Structure formats: structure tokens, C-alpha cells
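Here is the structure we will look at.
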Amino acid sequence: MRNPIAVTGETALDLIRQVRGILALFGNTLWWIVVGPFKGKTAGRQSIFQQMVFAGVQSVVIVFFISLFTGIVIAMQSAYQLKQLGAVIYVAPMVSISMARELGPVFVALVVAGRVGSAIAAELGTMKVSEQIEALETIALDPVRFLVVPRFLALLIMMPCLTVMADMVGILGGLIVGVFNLQINMYRYLSFSFDLMEFKDVWTGLIKSVVFGTAISMIACYVGLDTRGGAEGVGKATTMSVVISFIMIILIDCVLTGVFFFSEM
Amino acid sequence: MEERETVIEVTDLVKKFGDRTVLNGVNLKISKGETFVIMGGSGCGKSTLLRHIIGNLKPTSGKVCLLGTDITGLEGAQLDEIRKKIGMSFQSSALFDSMTVGENVSLPLREHTVLEKNIIDIMVTMKLELVGLRGFEDLMPSEISGGMKKRVGLARAIAMDPQIIFYDEPTAGLDPIMAAVIDRLIVDLSRKLSITSVVVTHDMKSVMGIADRIAMLHEGKVLEVGTPEEIRNSANQTVRQFINGSFDGPISFFQQKDDYLEQLTG
Ligand SMILES: Nc1ncnc2c1ncn2[C@@H]1O[C@H](COP(=O)(O)OP(=O)(O)O)[C@@H](O)[C@H]1O
Ligand SMILES: [Mg+2]
């Protein structure tokens with residue numbers, strides 16, 4: 001039997017090593033984005049585009065359904081409460097504000113971490129264990145510039161887009177409940193949705209989504225490039241990228257919500 | 001033989017992974033134009049040695065000079081300048097599986113030169129012609145056989161007209177005929193393009209066929225260096241056992257007993 005304290009200590013050290021690795025990769029990625037162009041070494045536009053299609057366009061359907069049902073559920077749940085206060089119309093801002101501030105960005109991030117982050121980790125992990133990363137280095141191409149930068153930029157651009165879409169679709173879900181179940185006039189519902197929403201509700205959500213996107217791409221790329229040990233290692237890396245991303249998304253959400261909405265207290 | 005320019009010089013190279021010493025003081029000198037074979041058993045550190053020579057791994061101690069430059073401490077752009085002058089054919093081919101055969105071969109040209117697309121296409125066709133794969137440009141790596149992958153990897157390695165080509169186990173896992181084809185290709189390339197070749201292998205048949213000189217790597221050290229003739233007549237028991245492929249001799253089947261014990265006892 002191994003000493004549980006030693007095991008915990010090792011796990012903690014490993015975690016610290018990974019966090020440092022992820023931060024170093026982030027620094028390296030920013031370096032290529034900022035300094036690279038001055039040296040004539042930009043990431044290929046074509047590969048950024050490919051990644052944007054994969055990360056963004058192909059996530060649209062899942063994000064659509066998840067946000068639609070989320071909007072419907074919040075509307076139904078809050079209607080039950082608000083009916084007792086005779087304030088059913090407040091279902092509308094309830095849905096729109098919670099989608100914009102919280103549920104839009106977080107659910108998009110969870111979908112992208114599960115769908116795109118895992119795929120990135122698996123792809124880079126496979127490249128690592130089949131010597132393709134080494135082959136890139138040997139033909140004098142930096143894997144960070146060549147593989148990480150396009151994935152990072154693609155997620156950075158697509159996350160806010162998906163989030164805006166999720167917010168809209170969520171409101172649509174709420175609207176369906178409001179109009180067909182609660183018999184609220186559609187125009188009245190929409191005006192309540194948007195009038196009580198502040199600009200801050202939207203931009204804080206979008207900043208969250210950008211930070212989530214950065215975290216997802218950096219975690220997935222780091223874990224992928226750090227893969228060891230054949231096909232089994234690739235499987236582990238894939239799982240690990242999803243697990244770490246999920247934890248980080250919730251953690252970051254917690255911190256940013258505190259910074260945005262509770263920092264004056 | 002007249003003294004030729006040294007293109008690779010490895011001095012007292014030591015590499016430890018954790019507390020396990022894989023290379024323990026390797027010394028090598030490889031001259032321009034020769035086909036130099038590094039042989040040794042599986043897991044003795046041949047690939048690790050190659051990775052140090054091309055700068056993909058950094059030594060624990062010791063020094064590596066490649067094409068007259070000390071690359072031991074080099075990183076980033078400076079190392080890349082030297083890497084553009086070498087080519088490497090990987091043990092597992094390492095083709096980029098999201099790209100076609102043609103794109104694999106053209107990648108270094110697209111990234112490192114300012115040539116027009118049609119010129120690059122012609123160069124790719126020429127390189128594929130050299131390895132007998134002209135017309136396969138549009139296939140994906142998953143659609144071709146292992147031997148073909150090795151040859152595409154070779155075409156990619158020579159895309160930038162390197163001064164040195166490294167081969168990691170070029171014939172491992174191939175049928176005897178394909179292995180002979182690859183051996184012939186190695187010899188042809190080094191003659192036609194007068195390239196220095198460094199071949200890592202444990203395939204004795206190909207060693208004797210292609211080598212100008214051979215180094216035997218054993219227990220982290222170079223045991224002996226010589227021409228195929230000298231190696232064949234070596235007095236060293238370990239070398240003899242290896243080239244004859246006999247069971248009995250100084251190389252024990254149980255050489256990794258420490259690891260084994262550790263596994264057993266957990
Ligand atoms: N990155 C690494 N980390 C830890 N051990 C390694 C690493 N690379 C190689 N090794 C170990 O070094 C030894 C030599 O490996 P390698 O050079 O691949 O052998 P060969 O190519 O001669 O078969 C092996 O026992 C292997 O387990
Ligand atoms: Mg090897």
C-alpha cells in the first residue's frame with residue numbers, strides 16, 4: 001500500500017506542474033500572436049478558418065437545443081413562483097437576464113469543452129504519441145504557432161458568437177412558454193425581456209465566454225501536447241481535458257461573477 | 001581514406017530520464033557523405049541518441065555539434081535554422097494524418113520558402129518520384145500501406161534538400177522486399193544527392209548492406225565503431241552475439257531485471 005499522504009502530495013505537485021504548464025503555454029501562444037507577425041510568422045488563415053468551422057459552426061445545433069430547453073425550463077420554473085406573486089410577466093426578464101449573465105456563457109462553455117476541447121486534446125494527443133509533433137519540430141515548425149494558435153484564436157472568436165446565439169435562443173424558449181402557456185402578449189413579453197436587461201448583463205456574459213474559451217483551448221492543447229503512453233494516454237488526455245475544463249469553467253464563473261457583481265460590497 | 005569534414009560530433013553525451021540513465025557517455029564522429037549506421041538492441045537508446053543529435057532532446061550533460069554548430073544550448077529560431085538543413089525519417093513515419101501525401105511533402109516548402117505554388121508542386125512530384133510514389137499526391141496517409149508511409153516520410157525528409165538525413169528504424173515492421181526497397185533507396189539517395197545518412201536500426205541484414213561505418217550502442221555507450229568488415233570480425237563478445245543473433249552471450253535476456261523486480265514488488 002502506498003502512503004495516502006504521499007499520493008495526495010504527488011497529485012498536488014502534478015496539479016501545480018500542470019497549472020504552470022498551461023500558463024506557460026498561454027504566454028507562448030500570446031507571444032506568437034503578438035510578436036510572430038513582426039517576424040513574418042503568422043498562423044495560417046486557412047487553419048484558423050477550419051478550426052472556426054469545427055468549433056463554432058458545428059456546435060450551433062447542440063447549442064441551439066440546449067439553450068432552447070434551458071430557456072423553457074427557467075420560464076416554467078420561475079412562472080410557478082411568480083404566479084403566486086401575481087407577477088407572471090417578470091418571467092421574461094428572469095429568462096433573459098439569467099441567460100445573458102450566467103446560463104448562456106456557462107452552457108456554451110460546457111458544450112464546447114465537451115465537444116471541441118476533447119477533440120483538440122485527442123487530436124494533439126494522437127499527434128504527440130505518433131511522433132507527429134516531433135516531426136513538426138524537426139521540420140522547424142513550432143507546434144504552438146502551427147497547432148495551438150489557430151485553435152486558440154478560433155475559440156476566442158467563436159465563443160462570444162455562440163454565447164450571443166445561446167442568449168437569443170434561450171429568450172425564444174422562454175417566449176414559447178410565455179406566449180403559449182402563460183398567455184402573455186408576444187410584444188409585451190419581448191419588451192419586458194429587453195427593457196429590464198442592462199448592458200452590463202450582456203457584456204459581463206461575453207467577457208466570461210471569452211475567458212472560458214481561452215481556458216478551454218489552453219487546457220485542451222496543453223493536455224494534448226503533454227500526452228504520454230500510446231492510445232491509452234490519448235484516452236486519458238481526452239478525459240482529463242474535459243474534467244479540468246469543467247472544473248475551471250465553474251471556478252472562473254464563480255470568480256468573475258464575484259468580480260462583476262459583488263465587488264462593490 | 002582521406003580525412004573528411006566532420007558534420008556530426010557527439011561528446012560525452014549523458015541522458016537520464018528521472019534516475020534512469022539511458023545514454024551514459026556516448027562519443028561519435030560522423031563525416032560528410034558517409035552512411036553511418038547506429039545499431040543496438042531495442043530500448044538501448046538509439047532513438048534517444050538521434051533525438052539529441054537533431055536537437056529534440058537536451059542532454060543531461062555532454063555536447064552535440066551538428067554541421068559545425070554546437071546545438072546543445074540552442075533553442076527556437078537558431079535551432080530551426082539548423083533543422084532546415086537536416087531531414088528525419090521517423091520510426092512510425094509520423095505523417096500528418098490531417099494532410100494528403102502531397103501536402104505532407106510540400107509542408108516544409110510552403111512554410112520555409114517563398115516559391116510559387118506551381119514550382120512547389122513540381123518539387124513535390126520530383127521528391128515523390130525519387131521514392132517511387134509519383135501519382136499518390138492526393139491520397140491520405142490512412143489510405144496507404146506502412147511501406148508507402150515510410151517512403152512518403154522519406155520524401156518529406158528530403159523536401160528541403162537536406163545535408164544530412166536521419167533514419168529511425170527505416171525497415172522495422174516491413175516485409176523483406178519492402179525492406180530491401182527502402183535499403184536501396186537509402187543508398188541511392190546518399191549517392192545521388194551526396195547526402196550524409198545516419199541510420200538507426202537493429203536489422204542486421206540492412207546494416208551490412210548499406211553502411212560505410214557502423215557503431216554498436218550498448219548499455220548507454222558506443223561499444224565499437226568500424227567498417228562492416230571490421231564489425232563482422234570483431235573480437236568483442238557482445239558485438240559478435242548481436243550480429244549473429246545468438247541467444248547465449250554477454251547480452252542477457254534478463255538485462256532489465258531491476259525494472260522487473262520493481263514491477264513484481266510494486
Ligand atoms: N521521454 C522519455 N521519458 C522516459 N523514458 C524514456 C523517454 N524516451 C525514452 N525513454 C526510455 O529510454 C530507453 C531508450 O529508448 P529508445 O531510445 O526509444 O530506445 P530504442 O530506440 O533503442 O529502441 C527506453 O527504455 C525508454 O523507456
Ligand atoms: Mg527507437
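As shown in the C-alpha cells, the chain order sets the letters A, B, ...; within each chain, residues go from 1, and ligands are also counted from 1 in the order they appear.
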Env. residues ligand 2 / 9 Å / only C-alpha atoms and all ligand atoms / as a PyMOL selection string: chain B and resi 42-48+50+91+168-169+200-201
Polymer residues at most 9 Å from region 25-35 of chain A, only C-alpha atoms, same-chain spacing of 4 or more positions, as a PyMOL selection string: chain A and resi 20-21+39+41-43+144-145+148-149+152+214+218+221-222
Taking N, CA, C and O atoms for each residue, export the selection above as an mmCIF file, in the first residue's frame.
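Below you can see again.cif, which holds the result:
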```cif
data_model
loop_
_atom_site.group_PDB
_atom_site.id
_atom_site.type_symbol
_atom_site.label_atom_id
_atom_site.label_comp_id
_atom_site.auth_asym_id
_atom_site.auth_seq_id
_atom_site.Cartn_x
_atom_site.Cartn_y
_atom_site.Cartn_z
ATOM 1 N N ARG A 20 1.200 25.393 -14.095
ATOM 2 C CA ARG A 20 2.327 26.163 -14.623
ATOM 3 C C ARG A 20 2.510 25.927 -16.113
ATOM 4 O O ARG A 20 2.782 26.859 -16.877
ATOM 5 N N GLY A 21 2.345 24.671 -16.514
ATOM 6 C CA GLY A 21 2.474 24.343 -17.933
ATOM 7 C C GLY A 21 1.433 25.069 -18.773
ATOM 8 O O GLY A 21 1.738 25.595 -19.843
ATOM 9 N N LYS A 39 7.687 39.004 -37.304
ATOM 10 C CA LYS A 39 8.755 38.169 -37.848
ATOM 11 C C LYS A 39 8.268 37.435 -39.089
ATOM 12 O O LYS A 39 8.905 36.506 -39.563
ATOM 13 N N LYS A 41 5.792 35.468 -39.234
ATOM 14 C CA LYS A 41 5.380 34.100 -38.919
ATOM 15 C C LYS A 41 3.997 34.084 -38.289
ATOM 16 O O LYS A 41 3.854 34.015 -37.080
ATOM 17 N N THR A 42 2.985 34.195 -39.122
ATOM 18 C CA THR A 42 1.625 34.180 -38.611
ATOM 19 C C THR A 42 1.065 32.772 -38.709
ATOM 20 O O THR A 42 1.585 31.940 -39.441
ATOM 21 N N ALA A 43 0.017 32.527 -37.957
ATOM 22 C CA ALA A 43 -0.678 31.251 -38.098
ATOM 23 C C ALA A 43 -1.460 31.294 -39.403
ATOM 24 O O ALA A 43 -1.907 32.348 -39.841
ATOM 25 N N VAL A 144 3.358 25.268 -31.274
ATOM 26 C CA VAL A 144 2.471 26.277 -30.687
ATOM 27 C C VAL A 144 1.931 27.193 -31.783
ATOM 28 O O VAL A 144 0.732 27.431 -31.889
ATOM 29 N N ARG A 145 2.816 27.674 -32.627
ATOM 30 C CA ARG A 145 2.361 28.542 -33.705
ATOM 31 C C ARG A 145 1.462 27.764 -34.674
ATOM 32 O O ARG A 145 0.427 28.255 -35.109
ATOM 33 N N VAL A 148 -1.466 25.334 -31.872
ATOM 34 C CA VAL A 148 -2.180 25.924 -30.732
ATOM 35 C C VAL A 148 -2.811 27.267 -31.097
ATOM 36 O O VAL A 148 -3.978 27.511 -30.792
ATOM 37 N N VAL A 149 -2.052 28.131 -31.772
ATOM 38 C CA VAL A 149 -2.564 29.472 -32.076
ATOM 39 C C VAL A 149 -3.883 29.431 -32.869
ATOM 40 O O VAL A 149 -4.839 30.107 -32.481
ATOM 41 N N PHE A 152 -6.658 28.360 -30.495
ATOM 42 C CA PHE A 152 -6.923 29.410 -29.512
ATOM 43 C C PHE A 152 -7.740 30.536 -30.143
ATOM 44 O O PHE A 152 -8.785 30.938 -29.602
ATOM 45 N N THR A 214 -10.701 30.802 -23.754
ATOM 46 C CA THR A 214 -9.253 30.755 -23.561
ATOM 47 C C THR A 214 -8.872 29.565 -22.691
ATOM 48 O O THR A 214 -7.960 28.810 -23.018
ATOM 49 N N MET A 218 -6.607 26.414 -24.023
ATOM 50 C CA MET A 218 -5.292 26.228 -23.410
ATOM 51 C C MET A 218 -5.203 24.880 -22.685
ATOM 52 O O MET A 218 -4.210 24.171 -22.792
ATOM 53 N N CYS A 221 -5.150 22.048 -25.375
ATOM 54 C CA CYS A 221 -3.881 21.983 -26.100
ATOM 55 C C CYS A 221 -2.764 21.504 -25.186
ATOM 56 O O CYS A 221 -1.953 20.664 -25.563
ATOM 57 N N TYR A 222 -2.734 22.017 -23.958
ATOM 58 C CA TYR A 222 -1.665 21.607 -23.054
ATOM 59 C C TYR A 222 -1.747 20.104 -22.764
ATOM 60 O O TYR A 222 -0.766 19.384 -22.894
#
```
6 Å contacts from chain B to chain A using only C-alpha atoms, as a ChimeraX atom specification: /B:80,83,94
All residues having an atom within 12 Å of ligand 1 (only C-alpha atoms and all ligand atoms) as a VMD selection string: (chain A and resid 128 to 129 131 134 226 to 229) or (chain B and resid 14 to 24 38 to 52 56 to 59 90 to 92 167 to 170 172 199 to 202 216 to 221 255 to 256 259)
Distance query region 47-61 of chain A at most 7 Å, only C-alpha atoms, self and fewer than 3 positions along chain excluded, as a short mmCIF file (atom, residue, chain, number, x, y, z; two decimals) with N, CA and C atoms, in the first residue's frame:
```cif
data_model
loop_
_atom_site.label_atom_id
_atom_site.label_comp_id
_atom_site.auth_asym_id
_atom_site.auth_seq_id
_atom_site.Cartn_x
_atom_site.Cartn_y
_atom_site.Cartn_z
N GLY A 44 -1.59 30.14 -40.04
CA GLY A 44 -2.27 30.11 -41.33
C GLY A 44 -3.73 30.52 -41.20
N PHE A 64 -28.06 25.33 -29.88
CA PHE A 64 -29.45 25.73 -30.11
C PHE A 64 -30.39 24.95 -29.20
N PHE A 65 -30.28 23.64 -29.24
CA PHE A 65 -31.24 22.84 -28.46
C PHE A 65 -31.04 23.02 -26.96
N VAL A 116 -15.49 20.28 -28.31
CA VAL A 116 -14.32 20.79 -29.03
C VAL A 116 -13.03 20.55 -28.24
N PRO A 150 -3.99 28.63 -33.94
CA PRO A 150 -5.27 28.62 -34.66
C PRO A 150 -6.44 28.15 -33.80
N ARG A 151 -6.19 27.17 -32.93
CA ARG A 151 -7.27 26.66 -32.08
C ARG A 151 -7.67 27.69 -31.04
N LEU A 153 -7.29 31.03 -31.29
CA LEU A 153 -8.00 32.15 -31.93
C LEU A 153 -9.41 31.75 -32.34
N ALA A 154 -9.55 30.52 -32.84
CA ALA A 154 -10.87 30.07 -33.28
C ALA A 154 -11.85 30.09 -32.10
N LEU A 155 -11.43 29.57 -30.96
CA LEU A 155 -12.33 29.55 -29.80
C LEU A 155 -12.57 30.96 -29.28
N MET A 158 -15.18 32.33 -31.66
CA MET A 158 -16.46 31.64 -31.76
C MET A 158 -17.25 31.62 -30.44
N LEU A 162 -21.25 32.14 -30.22
CA LEU A 162 -22.16 31.08 -29.76
C LEU A 162 -22.96 31.55 -28.55
#
```
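Between CA of Glu116 (chain B) and CA of Gly102 (chain B) the separation is 15.4 Å.
Taking CA of Met126 (chain B) and CA of Ile210 (chain B) as endpoints, the distance between them is 23.7 Å.
If you look at CA of Asp175 (chain B) and CA of Leu95 (chain B), they are 20.0 Å away from each other.
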Excluding Ile252 (chain A) and any residue of its chain fewer than 2 positions from it, enumerate the residues within 12 Å of it, using only C-alpha atoms, and give them as a JSON list (two decimals) with all heavy atoms, in the first residue's frame.
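So part14.json came out as:
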```json
[["chain", "number", "residue", "atom", "x", "y", "z"],
["A", 102, "GLU", "N", -25.44, 34.34, -17.06],
["A", 102, "GLU", "CA", -24.93, 33.11, -16.49],
["A", 102, "GLU", "C", -25.06, 31.90, -17.41],
["A", 102, "GLU", "O", -24.08, 31.29, -17.80],
["A", 102, "GLU", "CB", -25.73, 32.86, -15.20],
["A", 102, "GLU", "CG", -25.11, 31.91, -14.24],
["A", 102, "GLU", "CD", -23.73, 32.37, -13.80],
["A", 102, "GLU", "OE1", -23.52, 33.58, -13.54],
["A", 102, "GLU", "OE2", -22.86, 31.51, -13.77],
["A", 105, "PRO", "N", -23.35, 31.87, -21.34],
["A", 105, "PRO", "CA", -21.91, 31.61, -21.37],
["A", 105, "PRO", "C", -21.52, 30.26, -20.76],
["A", 105, "PRO", "O", -20.68, 29.56, -21.34],
["A", 105, "PRO", "CB", -21.31, 32.75, -20.53],
["A", 105, "PRO", "CG", -22.41, 33.67, -20.20],
["A", 105, "PRO", "CD", -23.69, 33.15, -20.71],
["A", 106, "VAL", "N", -22.11, 29.90, -19.64],
["A", 106, "VAL", "CA", -21.67, 28.66, -18.98],
["A", 106, "VAL", "C", -22.06, 27.43, -19.81],
["A", 106, "VAL", "O", -21.24, 26.53, -20.03],
["A", 106, "VAL", "CB", -22.23, 28.57, -17.55],
["A", 106, "VAL", "CG1", -21.97, 27.18, -16.97],
["A", 106, "VAL", "CG2", -21.60, 29.62, -16.67],
["A", 109, "ALA", "N", -19.93, 27.12, -22.81],
["A", 109, "ALA", "CA", -18.59, 26.66, -22.43],
["A", 109, "ALA", "C", -18.58, 25.16, -22.15],
["A", 109, "ALA", "O", -17.66, 24.45, -22.58],
["A", 109, "ALA", "CB", -18.09, 27.43, -21.21],
["A", 207, "ILE", "N", -17.66, 38.63, -21.70],
["A", 207, "ILE", "CA", -16.29, 38.51, -21.18],
["A", 207, "ILE", "C", -16.08, 37.13, -20.59],
["A", 207, "ILE", "O", -15.07, 36.47, -20.83],
["A", 207, "ILE", "CB", -16.01, 39.61, -20.12],
["A", 207, "ILE", "CG1", -15.86, 40.94, -20.86],
["A", 207, "ILE", "CG2", -14.75, 39.29, -19.33],
["A", 207, "ILE", "CD1", -15.49, 42.09, -19.98],
["A", 208, "LYS", "N", -17.08, 36.67, -19.86],
["A", 208, "LYS", "CA", -16.97, 35.30, -19.34],
["A", 208, "LYS", "C", -16.72, 34.32, -20.47],
["A", 208, "LYS", "O", -15.84, 33.46, -20.37],
["A", 208, "LYS", "CB", -18.28, 34.89, -18.64],
["A", 208, "LYS", "CG", -18.39, 35.36, -17.21],
["A", 208, "LYS", "CD", -19.70, 34.84, -16.62],
["A", 208, "LYS", "CE", -19.90, 35.33, -15.21],
["A", 208, "LYS", "NZ", -21.20, 34.91, -14.66],
["A", 209, "SER", "N", -17.48, 34.45, -21.54],
["A", 209, "SER", "CA", -17.35, 33.46, -22.60],
["A", 209, "SER", "C", -15.95, 33.50, -23.23],
["A", 209, "SER", "O", -15.39, 32.47, -23.58],
["A", 209, "SER", "CB", -18.43, 33.65, -23.66],
["A", 209, "SER", "OG", -18.10, 34.72, -24.51],
["A", 210, "VAL", "N", -15.39, 34.70, -23.33],
["A", 210, "VAL", "CA", -14.04, 34.81, -23.88],
["A", 210, "VAL", "C", -13.02, 34.13, -22.96],
["A", 210, "VAL", "O", -12.13, 33.39, -23.39],
["A", 210, "VAL", "CB", -13.67, 36.29, -24.10],
["A", 210, "VAL", "CG1", -12.20, 36.45, -24.38],
["A", 210, "VAL", "CG2", -14.49, 36.86, -25.25],
["A", 211, "VAL", "N", -13.18, 34.35, -21.65],
["A", 211, "VAL", "CA", -12.25, 33.73, -20.70],
["A", 211, "VAL", "C", -12.42, 32.20, -20.71],
["A", 211, "VAL", "O", -11.45, 31.46, -20.71],
["A", 211, "VAL", "CB", -12.47, 34.30, -19.27],
["A", 211, "VAL", "CG1", -11.51, 33.63, -18.30],
["A", 211, "VAL", "CG2", -12.25, 35.79, -19.27],
["A", 212, "PHE", "N", -13.69, 31.76, -20.77],
["A", 212, "PHE", "CA", -13.92, 30.31, -20.85],
["A", 212, "PHE", "C", -13.25, 29.72, -22.09],
["A", 212, "PHE", "O", -12.61, 28.67, -22.04],
["A", 212, "PHE", "CB", -15.42, 29.99, -20.93],
["A", 212, "PHE", "CG", -16.19, 30.31, -19.68],
["A", 212, "PHE", "CD1", -17.55, 30.59, -19.76],
["A", 212, "PHE", "CD2", -15.59, 30.33, -18.44],
["A", 212, "PHE", "CE1", -18.29, 30.88, -18.61],
["A", 212, "PHE", "CE2", -16.31, 30.63, -17.30],
["A", 212, "PHE", "CZ", -17.65, 30.91, -17.39],
["A", 213, "GLY", "N", -13.42, 30.40, -23.21],
["A", 213, "GLY", "CA", -12.84, 29.92, -24.47],
["A", 213, "GLY", "C", -11.33, 29.79, -24.36],
["A", 213, "GLY", "O", -10.74, 28.79, -24.78],
["A", 214, "THR", "N", -10.70, 30.80, -23.75],
["A", 214, "THR", "CA", -9.25, 30.76, -23.56],
["A", 214, "THR", "C", -8.87, 29.57, -22.69],
["A", 214, "THR", "O", -7.96, 28.81, -23.02],
["A", 214, "THR", "CB", -8.78, 32.06, -22.88],
["A", 214, "THR", "OG1", -9.24, 33.15, -23.69],
["A", 214, "THR", "CG2", -7.29, 32.11, -22.75],
["A", 215, "ALA", "N", -9.61, 29.40, -21.59],
["A", 215, "ALA", "CA", -9.29, 28.30, -20.68],
["A", 215, "ALA", "C", -9.44, 26.96, -21.39],
["A", 215, "ALA", "O", -8.57, 26.09, -21.31],
["A", 215, "ALA", "CB", -10.19, 28.36, -19.44],
["A", 216, "ILE", "N", -10.54, 26.80, -22.13],
["A", 216, "ILE", "CA", -10.78, 25.51, -22.79],
["A", 216, "ILE", "C", -9.67, 25.20, -23.80],
["A", 216, "ILE", "O", -9.11, 24.11, -23.79],
["A", 216, "ILE", "CB", -12.15, 25.51, -23.51],
["A", 216, "ILE", "CG1", -13.28, 25.60, -22.50],
["A", 216, "ILE", "CG2", -12.30, 24.26, -24.37],
["A", 216, "ILE", "CD1", -14.63, 25.91, -23.13],
["A", 244, "ILE", "N", -10.79, 18.80, -16.34],
["A", 244, "ILE", "CA", -10.16, 20.05, -15.89],
["A", 244, "ILE", "C", -10.93, 21.25, -16.40],
["A", 244, "ILE", "O", -11.15, 22.22, -15.68],
["A", 244, "ILE", "CB", -8.68, 20.13, -16.37],
["A", 244, "ILE", "CG1", -7.89, 18.93, -15.85],
["A", 244, "ILE", "CG2", -8.02, 21.42, -15.86],
["A", 244, "ILE", "CD1", -6.44, 18.95, -16.26],
["A", 245, "SER", "N", -11.39, 21.19, -17.66],
["A", 245, "SER", "CA", -12.13, 22.33, -18.21],
["A", 245, "SER", "C", -13.40, 22.59, -17.42],
["A", 245, "SER", "O", -13.72, 23.74, -17.10],
["A", 245, "SER", "CB", -12.50, 22.09, -19.68],
["A", 245, "SER", "OG", -11.35, 21.97, -20.46],
["A", 246, "PHE", "N", -14.15, 21.52, -17.12],
["A", 246, "PHE", "CA", -15.41, 21.70, -16.38],
["A", 246, "PHE", "C", -15.14, 22.37, -15.04],
["A", 246, "PHE", "O", -15.81, 23.33, -14.67],
["A", 246, "PHE", "CB", -16.12, 20.35, -16.17],
["A", 246, "PHE", "CG", -16.98, 19.95, -17.33],
["A", 246, "PHE", "CD1", -16.69, 20.37, -18.62],
["A", 246, "PHE", "CD2", -18.11, 19.17, -17.15],
["A", 246, "PHE", "CE1", -17.50, 20.02, -19.69],
["A", 246, "PHE", "CE2", -18.93, 18.80, -18.22],
["A", 246, "PHE", "CZ", -18.61, 19.22, -19.48],
["A", 247, "ILE", "N", -14.14, 21.87, -14.33],
["A", 247, "ILE", "CA", -13.83, 22.46, -13.03],
["A", 247, "ILE", "C", -13.44, 23.93, -13.19],
["A", 247, "ILE", "O", -13.93, 24.81, -12.48],
["A", 247, "ILE", "CB", -12.67, 21.69, -12.35],
["A", 247, "ILE", "CG1", -13.09, 20.25, -12.07],
["A", 247, "ILE", "CG2", -12.24, 22.39, -11.06],
["A", 247, "ILE", "CD1", -11.98, 19.38, -11.56],
["A", 248, "MET", "N", -12.59, 24.19, -14.19],
["A", 248, "MET", "CA", -12.12, 25.56, -14.38],
["A", 248, "MET", "C", -13.25, 26.50, -14.79],
["A", 248, "MET", "O", -13.29, 27.65, -14.37],
["A", 248, "MET", "CB", -11.00, 25.61, -15.43],
["A", 248, "MET", "CG", -9.66, 25.09, -14.94],
["A", 248, "MET", "SD", -9.16, 25.74, -13.34],
["A", 248, "MET", "CE", -8.84, 27.45, -13.78],
["A", 249, "ILE", "N", -14.17, 25.99, -15.62],
["A", 249, "ILE", "CA", -15.27, 26.85, -16.07],
["A", 249, "ILE", "C", -16.09, 27.31, -14.86],
["A", 249, "ILE", "O", -16.39, 28.50, -14.70],
["A", 249, "ILE", "CB", -16.16, 26.09, -17.07],
["A", 249, "ILE", "CG1", -15.43, 25.94, -18.41],
["A", 249, "ILE", "CG2", -17.50, 26.81, -17.28],
["A", 249, "ILE", "CD1", -16.05, 24.93, -19.34],
["A", 250, "ILE", "N", -16.43, 26.36, -13.99],
["A", 250, "ILE", "CA", -17.24, 26.72, -12.83],
["A", 250, "ILE", "C", -16.47, 27.65, -11.89],
["A", 250, "ILE", "O", -16.99, 28.64, -11.38],
["A", 250, "ILE", "CB", -17.71, 25.44, -12.07],
["A", 250, "ILE", "CG1", -18.46, 24.50, -13.02],
["A", 250, "ILE", "CG2", -18.57, 25.81, -10.87],
["A", 250, "ILE", "CD1", -19.69, 25.11, -13.66],
["A", 254, "CYS", "N", -17.41, 31.50, -11.02],
["A", 254, "CYS", "CA", -17.58, 31.95, -9.65],
["A", 254, "CYS", "C", -16.77, 33.21, -9.39],
["A", 254, "CYS", "O", -17.28, 34.22, -8.89],
["A", 254, "CYS", "CB", -17.13, 30.79, -8.75],
["A", 254, "CYS", "SG", -17.40, 31.06, -7.04],
["A", 255, "VAL", "N", -15.51, 33.19, -9.79],
["A", 255, "VAL", "CA", -14.63, 34.34, -9.56],
["A", 255, "VAL", "C", -15.14, 35.56, -10.32],
["A", 255, "VAL", "O", -15.26, 36.66, -9.76],
["A", 255, "VAL", "CB", -13.18, 34.01, -9.99],
["A", 255, "VAL", "CG1", -12.32, 35.26, -9.95],
["A", 255, "VAL", "CG2", -12.60, 32.92, -9.09],
["A", 256, "LEU", "N", -15.47, 35.38, -11.60],
["A", 256, "LEU", "CA", -15.87, 36.54, -12.41],
["A", 256, "LEU", "C", -17.20, 37.11, -11.94],
["A", 256, "LEU", "O", -17.39, 38.33, -11.93],
["A", 256, "LEU", "CB", -15.95, 36.15, -13.89],
["A", 256, "LEU", "CG", -14.60, 35.92, -14.58],
["A", 256, "LEU", "CD1", -14.79, 35.66, -16.07],
["A", 256, "LEU", "CD2", -13.67, 37.11, -14.38],
["A", 257, "THR", "N", -18.13, 36.23, -11.54],
["A", 257, "THR", "CA", -19.40, 36.73, -11.04],
["A", 257, "THR", "C", -19.15, 37.59, -9.81],
["A", 257, "THR", "O", -19.73, 38.67, -9.65],
["A", 257, "THR", "CB", -20.34, 35.56, -10.69],
["A", 257, "THR", "OG1", -20.48, 34.75, -11.85],
["A", 257, "THR", "CG2", -21.72, 36.06, -10.28],
["A", 258, "GLY", "N", -18.25, 37.12, -8.94],
["A", 258, "GLY", "CA", -17.89, 37.91, -7.76],
["A", 258, "GLY", "C", -17.31, 39.25, -8.15],
["A", 258, "GLY", "O", -17.69, 40.29, -7.62],
["A", 259, "VAL", "N", -16.39, 39.24, -9.12],
["A", 259, "VAL", "CA", -15.74, 40.48, -9.55],
["A", 259, "VAL", "C", -16.76, 41.44, -10.17],
["A", 259, "VAL", "O", -16.78, 42.63, -9.86],
["A", 259, "VAL", "CB", -14.61, 40.19, -10.56],
["A", 259, "VAL", "CG1", -14.10, 41.48, -11.19],
["A", 259, "VAL", "CG2", -13.48, 39.44, -9.87],
["A", 260, "PHE", "N", -17.64, 40.92, -11.03],
["A", 260, "PHE", "CA", -18.56, 41.79, -11.76],
["A", 260, "PHE", "C", -19.70, 42.32, -10.89],
["A", 260, "PHE", "O", -20.13, 43.45, -11.02],
["A", 260, "PHE", "CB", -19.18, 41.05, -12.95],
["A", 260, "PHE", "CG", -18.20, 40.76, -14.05],
["A", 260, "PHE", "CD1", -18.31, 39.60, -14.80],
["A", 260, "PHE", "CD2", -17.17, 41.65, -14.35],
["A", 260, "PHE", "CE1", -17.42, 39.33, -15.82],
["A", 260, "PHE", "CE2", -16.28, 41.39, -15.37],
["A", 260, "PHE", "CZ", -16.39, 40.22, -16.10]]
```
Helix (DSSP H, G or I) per DSSP on the backbone: members of region 7-227 of chain B, as a ChimeraX atom specification: /B:46-53,76-83,101-112,117-130,141-143,146-157,176-192,204-210
